[in-house]
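One file, work-v7.txt, carrying compact mmCIF, C-alpha atoms:
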```txt
# COMPACT_ATOMS: atom_id res chain seq x y z
CA MET Y 1 0.00 0.00 0.00
CA THR Y 2 1.41 3.40 -0.93
CA HIS Y 3 1.60 6.24 1.50
CA GLN Y 4 1.82 9.99 1.07
CA VAL Y 5 4.28 12.36 2.66
CA HIS Y 6 2.93 15.90 2.62
CA ALA Y 7 6.13 17.94 3.02
CA PHE Y 8 6.17 21.70 3.53
CA GLU Y 9 9.73 22.99 3.92
CA PRO Y 10 8.83 25.72 4.88
CA PRO Y 11 5.05 26.20 4.66
CA GLU Y 12 3.48 29.54 3.79
CA ARG Y 13 1.13 28.97 6.73
CA PHE Y 14 1.06 26.30 9.46
CA VAL Y 15 -1.57 26.60 12.18
CA ALA Y 16 -3.67 24.70 14.68
CA GLY Y 17 -7.38 25.39 14.48
CA THR Y 18 -10.82 23.98 15.16
CA VAL Y 19 -14.12 23.38 13.45
CA GLY Y 20 -17.32 23.30 15.51
CA GLU Y 21 -18.72 24.71 18.71
CA PRO Y 22 -16.93 24.47 22.08
CA GLY Y 23 -17.61 21.05 23.51
CA ASP Y 24 -18.00 19.59 20.02
CA ARG Y 25 -14.85 20.87 18.29
CA THR Y 26 -12.58 18.95 15.97
CA PHE Y 27 -8.93 20.02 16.12
CA PHE Y 28 -6.78 20.28 13.00
CA LEU Y 29 -3.24 21.07 11.95
CA GLN Y 30 -3.31 22.85 8.60
CA ALA Y 31 -0.38 23.55 6.27
CA ARG Y 32 -0.46 25.61 3.08
CA GLY Y 33 2.25 26.10 0.52
CA GLY Y 34 3.03 25.64 -3.16
CA GLY Y 35 -0.65 25.73 -4.10
CA ARG Y 36 -1.45 22.84 -1.72
CA LEU Y 37 -3.59 22.82 1.41
CA VAL Y 38 -3.39 19.86 3.82
CA SER Y 39 -5.49 19.45 6.97
CA VAL Y 40 -5.04 16.61 9.46
CA ALA Y 41 -7.28 15.94 12.47
CA LEU Y 42 -5.96 15.35 15.97
CA GLU Y 43 -7.02 15.43 19.59
CA LYS Y 44 -7.03 18.53 21.80
CA VAL Y 45 -4.47 16.97 24.12
CA GLN Y 46 -2.12 16.41 21.14
CA VAL Y 47 -2.31 20.13 20.25
CA SER Y 48 -1.57 21.02 23.87
CA LEU Y 49 1.39 18.63 24.09
CA LEU Y 50 2.74 19.78 20.73
CA ALA Y 51 2.77 23.43 21.87
CA GLU Y 52 4.38 22.47 25.19
CA LYS Y 53 7.06 20.25 23.64
CA LEU Y 54 7.83 22.81 20.92
CA GLU Y 55 8.48 25.38 23.63
CA GLU Y 56 10.81 22.94 25.42
CA LEU Y 57 12.60 22.10 22.15
CA LEU Y 58 13.22 25.78 21.37
CA THR Y 59 14.54 26.38 24.89
CA GLU Y 60 16.86 23.37 24.63
CA ALA Y 61 18.09 24.46 21.17
CA HIS Y 62 18.93 27.86 22.62
CA ARG Y 63 20.73 26.33 25.59
CA ARG Y 64 22.72 23.73 23.65
CA PHE Y 65 23.33 25.39 20.29
CA GLY Y 66 22.91 29.11 20.98
CA VAL Y 67 19.94 29.44 18.63
CA GLU Y 68 18.45 32.92 18.86
CA LEU Y 69 14.91 32.67 20.17
CA PRO Y 70 12.34 35.22 19.09
CA GLU Y 71 10.21 36.82 21.74
CA THR Y 72 6.60 35.78 22.15
CA PRO Y 73 4.55 37.97 19.80
CA ALA Y 74 2.86 40.85 21.62
CA ALA Y 75 -0.13 40.76 19.25
CA PRO Y 76 -1.52 37.70 17.50
CA SER Y 77 0.13 37.44 14.10
CA ASP Y 78 -2.38 34.98 12.60
CA ASN Y 79 -5.88 35.04 13.97
CA GLU Y 80 -7.62 33.92 10.79
CA PRO Y 81 -9.79 30.80 10.70
CA LEU Y 82 -8.72 27.59 9.00
CA GLU Y 83 -8.79 27.85 5.23
CA ASN Y 84 -11.54 26.11 3.30
CA PRO Y 85 -12.00 23.39 2.36
CA VAL Y 86 -11.07 21.67 5.60
CA ASP Y 87 -10.83 18.12 4.27
CA GLU Y 88 -9.27 15.69 6.74
CA GLU Y 89 -6.38 13.87 5.03
CA PHE Y 90 -5.94 11.56 8.02
CA ARG Y 91 -6.22 11.40 11.81
CA VAL Y 92 -2.91 11.89 13.61
CA GLY Y 93 -1.71 9.04 15.78
CA THR Y 94 1.87 10.08 16.48
CA LEU Y 95 3.67 13.42 16.53
CA GLY Y 96 7.43 13.68 16.14
CA LEU Y 97 9.73 16.63 16.80
CA ALA Y 98 13.32 17.26 15.86
CA PHE Y 99 15.69 20.20 15.66
CA ASP Y 100 17.89 20.45 12.55
CA VAL Y 101 21.08 22.12 13.75
CA ASP Y 102 22.44 22.72 10.23
CA SER Y 103 19.47 24.80 9.10
CA ALA Y 104 18.38 25.94 12.61
CA THR Y 105 14.83 24.76 11.96
CA VAL Y 106 12.26 22.73 13.82
CA VAL Y 107 10.87 19.65 12.07
CA ILE Y 108 7.35 18.57 13.03
CA GLU Y 109 5.97 15.32 11.70
CA ALA Y 110 2.37 14.20 12.15
CA ILE Y 111 1.95 10.50 11.35
CA ALA Y 112 -1.41 8.92 10.61
CA ALA Y 113 -2.96 6.71 13.25
CA GLY Y 114 -2.04 3.12 12.64
CA GLU Y 115 -1.76 0.18 14.94
CA SER Y 116 0.45 2.12 17.36
CA GLU Y 117 -1.01 4.17 20.16
CA ALA Y 118 -1.26 7.98 19.80
CA GLY Y 119 1.52 9.90 21.54
CA LEU Y 120 4.20 12.52 21.24
CA ASP Y 121 7.75 11.43 20.49
CA LEU Y 122 10.57 13.76 21.43
CA PRO Y 123 14.00 12.61 20.27
CA ASP Y 124 16.58 12.01 22.99
CA ASP Y 125 19.12 14.16 21.21
CA ASP Y 126 18.23 17.40 19.45
CA GLU Y 127 20.05 16.56 16.25
CA ASP Y 128 18.07 15.94 13.09
CA ASP Y 129 17.08 12.28 13.30
CA ASP Y 130 16.33 10.33 10.17
CA ILE Y 131 12.59 10.35 10.71
CA ASP Y 132 11.94 7.93 7.82
CA ASP Y 133 13.54 5.01 9.69
CA GLU Y 134 10.47 4.50 11.87
CA PRO Y 135 8.51 1.26 11.65
CA ASP Y 136 5.41 3.16 10.44
CA ASP Y 137 6.87 3.83 6.97
CA ASP Y 138 3.62 2.71 5.36
CA LEU Y 139 1.54 5.45 7.07
CA ASP Y 140 0.67 8.86 5.64
CA ARG Y 141 2.43 11.80 7.23
CA LEU Y 142 2.55 15.58 7.27
CA ARG Y 143 6.04 17.05 7.66
CA VAL Y 144 6.73 20.76 8.16
CA ARG Y 145 9.98 22.61 8.73
CA LEU Y 146 9.65 25.86 10.70
CA SER Y 147 12.01 28.64 11.64
CA PRO Y 148 12.17 29.42 15.38
CA GLN Y 149 10.00 32.52 14.72
CA ALA Y 150 7.34 30.47 12.90
CA ALA Y 151 7.45 27.83 15.67
CA ARG Y 152 6.91 30.54 18.31
CA GLU Y 153 3.94 31.91 16.32
CA PHE Y 154 2.50 28.38 16.06
CA ILE Y 155 2.82 27.92 19.84
CA ASP Y 156 1.10 31.26 20.51
CA ARG Y 157 -1.82 30.46 18.21
CA ALA Y 158 -2.19 26.89 19.52
CA ARG Y 159 -2.49 28.21 23.07
CA ARG Y 160 -5.13 30.73 22.00
CA VAL Y 161 -7.11 28.00 20.23
CA LEU Y 162 -6.93 25.75 23.29
CA SER Y 163 -8.09 28.49 25.66
CA ALA Y 164 -11.05 29.41 23.42
CA GLY Y 165 -12.99 26.31 24.47
CA ARG Y 166 -15.32 25.77 27.40
CA PRO Y 167 -14.15 27.22 30.71
CA PRO Y 168 -13.01 24.69 33.34
CA CYS Y 169 -14.96 24.00 36.50
CA PRO Y 170 -13.16 25.74 39.39
CA LEU Y 171 -13.55 22.64 41.57
CA CYS Y 172 -12.77 19.65 39.36
CA GLY Y 173 -11.22 21.18 36.22
CA GLN Y 174 -13.62 19.43 33.82
CA PRO Y 175 -15.10 21.62 31.09
CA LEU Y 176 -18.35 23.41 31.91
CA ASP Y 177 -21.22 23.14 29.47
CA PRO Y 178 -23.57 26.14 29.17
CA GLN Y 179 -26.05 24.10 31.25
CA GLY Y 180 -23.36 23.28 33.86
CA HIS Y 181 -22.17 19.75 34.62
CA LEU Y 182 -22.31 17.01 37.22
CA CYS Y 183 -19.30 17.83 39.35
CA PRO Y 184 -17.61 14.88 41.06
CA ARG Y 185 -16.42 17.26 43.79
CA HIS Y 186 -20.08 17.94 44.65
CA ASN Y 187 -20.92 14.22 44.86
CA GLY Y 188 -22.73 14.35 41.52
CA TYR Y 189 -24.88 17.41 42.22
CA HIS Y 190 -25.49 19.62 39.24
CA ARG Y 191 -23.17 22.64 39.19
```
Translate the structure described by the file into structure tokens.
Amino acid sequence: MTHQVHAFEPPERFVAGTVGEPGDRTFFLQARGGGRLVSVALEKVQVSLLAEKLEELLTEAHRRFGVELPETPAAPSDNEPLENPVDEEFRVGTLGLAFDVDSATVVIEAIAAGESEAGLDLPDDDEDDDIDDEPDDDLDRLRVRLSPQAAREFIDRARRVLSAGRPPCPLCGQPLDPQGHLCPRHNGYHR
């Protein structure tokens, strides 16, 4: 079975976004470049972990290799919605991160869900690993290469998208629906 590698090195635009109402949103990573538009679906927790691990990777690249880190943007640089059509190419099962020291870029790879469990892989060393040597060579993947500035902008937008959902319950942390929810901290009473 053939697989597709959607490579954007670098993309014109790479963002995390959602479709739907809070509580019923579908999360996407979307890359545009060279007349192509690719959208892949993933879970909210994967977007959160990707933003967190990207931040850690940039910090480590600065510490180990002296990479200049851009400051967090004061104003949102890209607040536009996902571009249409939002056609899901695949659902992400695994995310991979690497830092290419030679080009001072971050490589993000989203691999389609296969038989392996969904997760976030962070290489042990920050050198550019040969990502194609993974056992999931027969799965579709989206690969983007970002400058530290573009990675910082992605992190900022991902955090804004994550915080735009339902507010958390102050007692248990679960999301509150407009009608409230059954809070376990209140022994199941409606809150």
I'd like the interatomic distance between atom CA of Arg91 of chain Y and atom CA of Gln174 of chain Y, to a tenth of an Å.
24.6 Å
Atom CA of Val101 of chain Y and atom CA of Asp78 of chain Y, how far apart in Å?
26.8 Å
List the neighbours of Thr59 of chain Y out to 12 Å using all atoms listed in the file; skip same-chain residues closer than 2 positions along the sequence, and give me the result as an mmCIF file with C-alpha atoms, keeping the file's coordinate frame.
```
data_model
loop_
_atom_site.group_PDB
_atom_site.id
_atom_site.type_symbol
_atom_site.label_atom_id
_atom_site.label_comp_id
_atom_site.auth_asym_id
_atom_site.auth_seq_id
_atom_site.Cartn_x
_atom_site.Cartn_y
_atom_site.Cartn_z
ATOM 1 C CA GLU Y 52 4.380 22.470 25.190
ATOM 2 C CA LYS Y 53 7.060 20.250 23.640
ATOM 3 C CA LEU Y 54 7.830 22.810 20.920
ATOM 4 C CA GLU Y 55 8.480 25.380 23.630
ATOM 5 C CA GLU Y 56 10.810 22.940 25.420
ATOM 6 C CA LEU Y 57 12.600 22.100 22.150
ATOM 7 C CA ALA Y 61 18.090 24.460 21.170
ATOM 8 C CA HIS Y 62 18.930 27.860 22.620
ATOM 9 C CA ARG Y 63 20.730 26.330 25.590
ATOM 10 C CA ARG Y 64 22.720 23.730 23.650
ATOM 11 C CA PHE Y 65 23.330 25.390 20.290
ATOM 12 C CA GLY Y 66 22.910 29.110 20.980
ATOM 13 C CA VAL Y 67 19.940 29.440 18.630
ATOM 14 C CA GLU Y 68 18.450 32.920 18.860
ATOM 15 C CA LEU Y 69 14.910 32.670 20.170
ATOM 16 C CA PRO Y 70 12.340 35.220 19.090
ATOM 17 C CA GLU Y 71 10.210 36.820 21.740
ATOM 18 C CA PHE Y 99 15.690 20.200 15.660
ATOM 19 C CA VAL Y 106 12.260 22.730 13.820
ATOM 20 C CA ASP Y 126 18.230 17.400 19.450
ATOM 21 C CA PRO Y 148 12.170 29.420 15.380
ATOM 22 C CA ALA Y 151 7.450 27.830 15.670
ATOM 23 C CA ARG Y 152 6.910 30.540 18.310
#
```
Pick from Y:Ala112, Y:Leu29, Y:Ala16, Y:Leu95, whichever lies nearest to Asp156 of chain Y using all atoms listed in the file:
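For Asp156 of chain Y, the nearest of the candidates is Y:Ala16.
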Give me the residues within 10 Å of segment 33-38 of chain Y as number ranges by chain, counting only C-alpha atoms and dropping any in the same chain fewer than 2 places off.
Y: 6-14, 28-31, 40, 83-90, 142
To one decimal place in Å, what is the distance between atom CA of Pro81 of chain Y and atom CA of Gly17 of chain Y?
7.0 Å
